[in-house]
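Quick look at my_file.txt (compact mmCIF, C-alpha atoms and all ligand atoms):
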# COMPACT_ATOMS: atom_id res chain seq x y z
CA MET A 3 0.00 0.00 0.00
CA PRO A 4 1.39 3.39 -0.97
CA TYR A 5 2.47 5.63 1.90
CA ARG A 6 -0.24 8.24 1.03
CA HIS A 7 -2.97 5.62 1.49
CA LEU A 8 -1.57 4.56 4.83
CA VAL A 9 -1.75 8.16 6.08
CA VAL A 10 -5.41 8.41 4.99
CA LEU A 11 -6.23 5.08 6.68
CA PHE A 12 -4.55 6.21 9.90
CA TYR A 13 -6.47 9.47 9.79
CA ILE A 14 -9.79 7.63 9.31
CA LEU A 15 -9.00 5.33 12.25
CA LEU A 16 -8.13 8.32 14.42
CA VAL A 17 -11.39 10.10 13.59
CA SER A 18 -13.54 7.03 14.20
CA CYS A 19 -11.79 6.38 17.54
CA SER A 20 -12.39 9.90 18.73
CA LYS A 21 -16.04 9.68 17.58
CA ASN A 22 -16.50 6.49 19.59
CA SER A 23 -15.05 8.00 22.73
CA LEU A 24 -17.35 10.99 22.31
CA THR A 25 -20.39 8.69 22.05
CA TYR A 26 -19.17 6.77 25.07
CA GLU A 27 -19.01 9.90 27.18
CA GLU A 28 -22.56 10.95 26.32
CA ILE A 29 -24.44 8.32 28.31
CA PRO A 30 -28.07 9.42 28.48
CA GLU A 31 -29.79 9.49 31.88
CA GLU A 32 -31.68 6.25 32.51
CA ILE A 33 -35.35 6.68 31.68
CA PHE A 34 -37.60 4.26 33.52
CA TYR A 35 -39.79 2.02 31.41
CA SER A 36 -43.54 2.42 31.39
CA CYS A 37 -46.04 0.40 29.35
CA ALA A 38 -48.16 3.56 29.04
CA ASP A 39 -46.68 6.32 26.90
CA PHE A 40 -46.14 9.56 28.82
CA SER A 41 -44.34 11.46 26.06
CA LYS A 42 -47.61 13.16 25.11
CA VAL A 43 -47.93 14.97 28.45
CA THR A 44 -44.78 17.00 27.81
CA ASN A 45 -45.84 17.86 24.27
CA SER A 46 -46.90 21.49 23.86
CA ASN A 47 -50.20 20.31 22.33
CA PHE A 48 -51.20 18.52 25.53
CA ASP A 49 -53.81 20.49 27.46
CA THR A 50 -52.83 20.13 31.13
CA ASP A 51 -56.13 21.69 32.22
CA ASP A 52 -58.17 18.94 30.54
CA LEU A 53 -58.82 16.70 33.56
CA TYR A 54 -60.39 13.97 31.41
CA ALA A 55 -57.09 13.53 29.57
CA PHE A 56 -55.68 12.38 32.93
CA TRP A 57 -58.52 9.88 33.31
CA ASP A 58 -57.69 8.47 29.85
CA ILE A 59 -54.02 8.12 30.82
CA PHE A 60 -54.92 6.39 34.09
CA VAL A 61 -57.26 3.95 32.29
CA GLU A 62 -54.62 3.11 29.67
CA ASP A 63 -51.93 2.70 32.32
CA ALA A 64 -54.07 0.50 34.62
CA LYS A 65 -54.91 -1.73 31.65
CA CYS A 66 -51.28 -2.45 30.83
CA SER A 67 -49.83 -2.26 34.37
CA MET A 68 -52.27 -4.15 36.57
CA LEU A 69 -52.85 -7.85 36.92
CA GLY A 70 -55.97 -8.90 35.01
CA SER A 71 -55.74 -5.85 32.69
CA PRO A 72 -58.86 -4.11 34.08
CA ASN A 73 -60.73 -1.72 31.81
CA TYR A 74 -61.86 1.00 34.21
CA ASP A 75 -63.39 3.00 31.39
CA LYS A 76 -65.97 0.23 30.88
CA LEU A 77 -66.54 -0.37 34.61
CA ASN A 78 -66.99 3.31 35.49
CA THR A 79 -69.78 4.42 33.20
CA ASP A 80 -70.41 7.73 34.96
CA VAL A 81 -67.24 9.84 35.21
CA ASP A 82 -67.29 13.42 36.48
CA ILE A 83 -63.99 15.23 37.12
CA TYR A 84 -64.16 18.96 37.76
CA TYR A 85 -62.47 21.95 39.30
CA GLU A 86 -63.40 23.55 42.59
CA PHE A 87 -62.86 27.29 42.92
CA GLU A 88 -62.85 29.54 45.94
CA SER A 89 -66.21 31.22 46.45
CA ASP A 90 -66.21 35.00 46.01
CA ALA A 91 -66.71 35.37 49.76
CA LEU A 92 -63.73 33.13 50.54
CA PHE A 93 -61.58 34.87 47.94
CA ILE A 94 -62.45 38.36 49.25
CA SER A 95 -61.55 37.26 52.76
CA GLY A 96 -58.09 36.34 51.41
CA GLN A 97 -58.48 32.60 52.06
CA VAL A 98 -58.00 29.64 49.72
CA LEU A 99 -59.51 26.15 49.62
CA ASP A 100 -57.85 24.11 52.34
CA TYR A 101 -57.69 20.87 50.33
CA GLY A 102 -55.93 19.84 47.13
CA ALA A 103 -58.55 17.45 45.83
CA TYR A 104 -61.18 14.93 46.84
CA ALA A 105 -62.74 11.69 45.68
CA ALA A 106 -66.46 11.35 46.34
CA THR A 107 -67.59 7.92 45.14
CA SER A 108 -65.00 5.40 46.35
CA CYS A 109 -67.58 2.77 47.16
CA ASP A 110 -69.57 3.06 43.94
CA ASP A 111 -67.82 1.02 41.27
CA SER A 112 -69.79 2.53 38.42
CA ARG A 113 -69.07 6.19 39.21
CA VAL A 114 -66.07 8.47 39.46
CA ARG A 115 -66.42 11.87 41.16
CA VAL A 116 -63.20 13.77 41.63
CA GLY A 117 -62.92 17.45 42.52
CA ILE A 118 -59.65 19.35 42.05
CA ALA A 119 -58.85 22.68 43.72
CA PHE A 120 -57.96 24.81 40.69
CA ARG A 121 -55.51 27.07 42.53
CA TYR A 122 -53.52 24.06 43.80
CA TRP A 123 -53.62 22.46 40.33
CA SER A 124 -52.18 25.54 38.69
CA GLU A 125 -49.20 25.55 41.08
CA ILE A 126 -47.89 22.00 40.48
CA ASN A 127 -45.96 20.54 37.54
CA ILE A 128 -47.12 17.80 35.17
CA TRP A 129 -45.66 14.89 37.20
CA GLU A 130 -47.23 16.20 40.40
CA LYS A 131 -50.54 16.62 38.54
CA LEU A 132 -50.34 12.97 37.45
CA GLY A 133 -49.50 11.95 41.05
CA LEU A 134 -52.50 13.90 42.37
CA MET A 135 -54.89 12.39 39.81
CA TYR A 136 -53.61 8.86 40.43
CA HIS A 137 -54.03 9.49 44.18
CA GLU A 138 -57.70 10.44 43.71
CA PHE A 139 -58.37 7.60 41.27
CA GLY A 140 -56.63 5.37 43.84
CA HIS A 141 -59.41 6.31 46.30
CA ASP A 142 -62.28 6.42 43.84
CA VAL A 143 -61.51 3.49 41.55
CA LEU A 144 -59.17 1.17 43.46
CA ARG A 145 -60.63 1.91 46.93
CA PHE A 146 -57.18 2.55 48.36
CA GLY A 147 -57.00 4.31 51.70
CA HIS A 148 -54.05 6.49 52.68
CA SER A 149 -50.58 4.99 52.92
CA SER A 150 -48.11 5.54 55.74
CA ASN A 151 -45.09 5.64 53.42
CA PRO A 152 -44.18 9.24 52.42
CA GLU A 153 -42.72 7.91 49.15
CA ASP A 154 -46.10 6.67 47.98
CA ILE A 155 -48.77 8.21 45.80
CA MET A 156 -51.36 7.32 48.45
CA HIS A 157 -49.60 9.17 51.27
CA PRO A 158 -52.00 11.87 52.52
CA SER A 159 -49.63 14.81 52.62
CA SER A 160 -46.09 14.20 51.34
CA PRO A 161 -45.07 15.90 48.07
CA PHE A 162 -45.68 14.00 44.85
CA PRO A 163 -42.51 13.29 42.84
CA ASN A 164 -41.91 16.16 40.43
CA THR A 165 -39.87 14.23 37.84
CA TYR A 166 -40.74 11.59 35.23
CA ASN A 167 -38.64 8.88 36.88
CA GLY A 168 -39.98 9.71 40.34
CA PHE A 169 -43.55 9.47 39.11
CA ILE A 170 -42.95 6.18 37.24
CA GLU A 171 -41.31 4.62 40.29
CA SER A 172 -44.15 5.51 42.63
CA LYS A 173 -46.96 4.66 40.21
CA ASN A 174 -45.42 1.21 39.61
CA ARG A 175 -45.62 0.48 43.34
CA PHE A 176 -49.16 1.85 43.30
CA PHE A 177 -50.37 -0.47 40.52
CA GLU A 178 -48.45 -3.46 41.89
CA LYS A 179 -49.96 -2.73 45.34
CA LYS A 180 -46.48 -3.05 46.76
CA PHE A 181 -46.30 -0.25 49.27
CA ASP A 182 -46.16 -0.05 53.04
CA GLY A 183 -49.38 0.68 54.83
CA LEU A 184 -51.63 -0.27 51.92
CA ARG A 185 -55.18 -0.46 53.19
CA TYR A 186 -58.58 -0.48 51.57
CA LEU A 187 -61.54 1.71 52.37
CA ASP A 188 -64.39 0.10 54.25
CA CYS A 189 -67.38 0.07 51.92
CA SER A 190 -69.62 -2.22 53.99
CA TRP A 191 -71.94 0.75 54.65
CA TYR A 192 -72.42 1.22 50.92
CA GLU A 193 -73.54 -2.35 50.34
CA GLY A 194 -76.44 -1.58 52.70
CA TYR A 195 -77.22 1.54 50.73
CA ASP A 196 -77.00 -0.37 47.49
CA GLN A 197 -79.61 -2.84 48.71
CA GLY A 198 -82.00 -0.03 49.57
CA LEU A 199 -81.48 -0.37 53.35
CA PHE A 200 -80.35 3.26 53.66
CA THR A 201 -81.51 6.35 51.88
CA SER A 202 -78.70 8.70 52.91
CA ASN A 203 -76.39 10.35 50.40
CA PRO A 204 -74.13 7.67 48.87
CA MET A 205 -71.30 10.17 48.39
CA ASP A 206 -68.26 9.13 50.36
CA TYR A 207 -65.85 12.04 50.43
CA HIS A 208 -62.13 11.56 50.81
CA ILE A 209 -60.73 15.03 51.17
CA CYS A 210 -57.03 15.09 50.40
CA ASN A 211 -54.63 17.48 51.96
CA ILE A 212 -53.30 20.53 50.21
CA GLY A 213 -50.05 19.67 52.01
CA HIS A 214 -49.21 17.60 48.94
CA ASN A 215 -47.26 20.56 47.64
ZN ZN B 1 -56.23 11.10 49.74
Please lay out the structure from this file as structure tokens.
Ligand SMILES: [Zn+2]
Amino acid sequence: MPYRHLVVLFYILLVSCSKNSLTYEEIPEEIFYSCADFSKVTNSNFDTDDLYAFWDIFVEDAKCSMLGSPNYDKLNTDVDIYYEFESDALFISGQVLDYGAYAATSCDDSRVRVGIAFRYWSEINIWEKLGLMYHEFGHDVLRFGHSSNPEDIMHPSSPFPNTYNGFIESKNRFFEKKFDGLRYLDCSWYEGYDQGLFTSNPMDYHICNIGHN
């Protein structure tokens, strides 16, 4: 091989080696796997104020994450998710709603009623919003009570993770029901109501602390 060719070959090898070492140095941060696709929530087209979009995400995620692949969209035929605002009187007095959200129909498997304090909602990021919605659906759909572990979505007052990985980690434990202090709500009273033994209001409010922030 002529000397000129050898120089070119050496140069090519040098360039490819330095390219490889560059690639090697740029190790991307580990992104936790999720069977549900969350890329849409960080897209500028995603409307973070559309509470039903969060219901759709929860339904899709439960279907691919939980044993038995439940379809909560089919089971819960009556879904109502809405904002709560301070009344004029409360606002004028300089006060704000003292809760972050609530679930109102934990014991009724066919209904979802979740109220979100709008002011609180507007102060938290997308991963905290997802944590809050999963928390309320945890009460209303899965009948979870509050957890004693501050790392969990079902903890009554600890902050929700504010990163993608943090959210994925805690929602995996949530769907796998692998968290300390997991307990279920007692719905024995509702079975009586369901059979017509009681006529009181079937709403079963679980008011969740604003201390989530
Ligand atoms: Zn709660």
As a PDB file with C-alpha atoms, in the frame of the given file, please: every protein or nucleic acid residue near ligand ZN 1 (chain B) (cut-off 9 Å, counting all atoms listed in the file).
ATOM      1  CA  ALA A 103     -58.550  17.450  45.830  1.00  0.00           C
ATOM      2  CA  TYR A 104     -61.180  14.930  46.840  1.00  0.00           C
ATOM      3  CA  ALA A 105     -62.740  11.690  45.680  1.00  0.00           C
ATOM      4  CA  LEU A 134     -52.500  13.900  42.370  1.00  0.00           C
ATOM      5  CA  HIS A 137     -54.030   9.490  44.180  1.00  0.00           C
ATOM      6  CA  GLU A 138     -57.700  10.440  43.710  1.00  0.00           C
ATOM      7  CA  GLY A 140     -56.630   5.370  43.840  1.00  0.00           C
ATOM      8  CA  HIS A 141     -59.410   6.310  46.300  1.00  0.00           C
ATOM      9  CA  PHE A 146     -57.180   2.550  48.360  1.00  0.00           C
ATOM     10  CA  GLY A 147     -57.000   4.310  51.700  1.00  0.00           C
ATOM     11  CA  HIS A 148     -54.050   6.490  52.680  1.00  0.00           C
ATOM     12  CA  SER A 149     -50.580   4.990  52.920  1.00  0.00           C
ATOM     13  CA  ILE A 155     -48.770   8.210  45.800  1.00  0.00           C
ATOM     14  CA  MET A 156     -51.360   7.320  48.450  1.00  0.00           C
ATOM     15  CA  HIS A 157     -49.600   9.170  51.270  1.00  0.00           C
ATOM     16  CA  PRO A 158     -52.000  11.870  52.520  1.00  0.00           C
ATOM     17  CA  SER A 159     -49.630  14.810  52.620  1.00  0.00           C
ATOM     18  CA  HIS A 208     -62.130  11.560  50.810  1.00  0.00           C
ATOM     19  CA  ILE A 209     -60.730  15.030  51.170  1.00  0.00           C
ATOM     20  CA  CYS A 210     -57.030  15.090  50.400  1.00  0.00           C
ATOM     21  CA  ASN A 211     -54.630  17.480  51.960  1.00  0.00           C
TER      22      ASN A 211
END
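When only C-alpha atoms are used to measure the gap to Phe176 in chain A, the shortest distance among A:Ser112, A:Ser67, A:Ser36, A:Asn127 belongs to A:Ser67.
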Could you please give me, as a list in words, the residues of protein, DNA or RNA lying at most 12 Å from (-44.2, 4.4, 29.4) in the coordinate frame of the file, considering all atoms listed in the file?
Ile33, Phe34, Tyr35, Ser36, Cys37, Ala38, Asp39, Phe40, Ser41, Lys42, Val43, Ile59, Phe60, Glu62, Asp63, Ala64, Cys66, Ser67, Tyr166, Asn167, Phe169, Ile170, Glu171, Lys173 and Asn174 of chain A
So, counting all atoms listed in the file, which residue among A:Glu31, A:Asp110, A:Asp51, A:Glu178 is closest to Asn78 in chain A?
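Closest to Asn78 in chain A, using all atoms listed in the file: A:Asp110.
With only C-alpha atoms as the atoms that count, the minimum distance from Phe87 in chain A to the choices A:Arg121, A:Lys65, A:Arg145, A:Arg115 is reached by A:Arg121.
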Proximity to Met135 in chain A - best of A:Cys109, A:Gly102, A:Leu187, A:Ser71, only C-alpha atoms
A:Gly102
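Proximity ranking of A:Gly168, A:Arg175, A:Ala106, A:Asn45 relative to Glu32 in chain A places A:Gly168 first, based on only C-alpha atoms.
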Have a look at A:Phe162, A:Phe139, A:Tyr122, A:Phe181 and name the one nearest to Glu86 in chain A; count only C-alpha atoms.
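Closest to Glu86 in chain A of all the choices is A:Tyr122.
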Point-to-point distance from CA of Lys131 in chain A to CA of Ser108 in chain A, Å rounded to tenths:
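CA of Ser108 in chain A lies at a distance of 19.9 Å from CA of Lys131 in chain A.
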Expressed in Å to a single decimal, how great is the separation between CA of Val81 in chain A and CA of Arg113 in chain A?
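Computed distance, CA of Val81 in chain A to CA of Arg113 in chain A, equals 5.7 Å.
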CA of Gly183 in chain A to CA of Met68 in chain A: how many Å, to one decimal?
19.1 Å
Would you pick out the contacts of Tyr85 in chain A at 10 Å or less, using all atoms listed in the file, so that residues sharing its chain but fewer than 4 positions from it are not included, and give the list as a list in words?
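These residues fall inside the cut-off: Asp51, Leu53, Ala103, Val116, Gly117, Ile118, Ala119, Phe120, Arg121 and Trp123 of chain A.
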If you keep C-alpha atoms, can you produce a file of those selected residues as a short mmCIF file (atom, residue, chain, number, x, y, z; two decimals), in the frame of the given file?
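Writing the result to out25.cif gives the following:
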data_model
loop_
_atom_site.label_atom_id
_atom_site.label_comp_id
_atom_site.auth_asym_id
_atom_site.auth_seq_id
_atom_site.Cartn_x
_atom_site.Cartn_y
_atom_site.Cartn_z
CA ASP A 51 -56.13 21.69 32.22
CA LEU A 53 -58.82 16.70 33.56
CA ALA A 103 -58.55 17.45 45.83
CA VAL A 116 -63.20 13.77 41.63
CA GLY A 117 -62.92 17.45 42.52
CA ILE A 118 -59.65 19.35 42.05
CA ALA A 119 -58.85 22.68 43.72
CA PHE A 120 -57.96 24.81 40.69
CA ARG A 121 -55.51 27.07 42.53
CA TRP A 123 -53.62 22.46 40.33
#
Should you be able to, write range 106-127 of chain A of this structure into a file that contains C-alpha atoms, as a CSV table (one decimal), in the first residue's frame.
chain,number,residue,atom,x,y,z
A,106,ALA,CA,-66.5,11.4,46.3
A,107,THR,CA,-67.6,7.9,45.1
A,108,SER,CA,-65.0,5.4,46.3
A,109,CYS,CA,-67.6,2.8,47.2
A,110,ASP,CA,-69.6,3.1,43.9
A,111,ASP,CA,-67.8,1.0,41.3
A,112,SER,CA,-69.8,2.5,38.4
A,113,ARG,CA,-69.1,6.2,39.2
A,114,VAL,CA,-66.1,8.5,39.5
A,115,ARG,CA,-66.4,11.9,41.2
A,116,VAL,CA,-63.2,13.8,41.6
A,117,GLY,CA,-62.9,17.4,42.5
A,118,ILE,CA,-59.6,19.3,42.1
A,119,ALA,CA,-58.8,22.7,43.7
A,120,PHE,CA,-58.0,24.8,40.7
A,121,ARG,CA,-55.5,27.1,42.5
A,122,TYR,CA,-53.5,24.1,43.8
A,123,TRP,CA,-53.6,22.5,40.3
A,124,SER,CA,-52.2,25.5,38.7
A,125,GLU,CA,-49.2,25.5,41.1
A,126,ILE,CA,-47.9,22.0,40.5
A,127,ASN,CA,-46.0,20.5,37.5
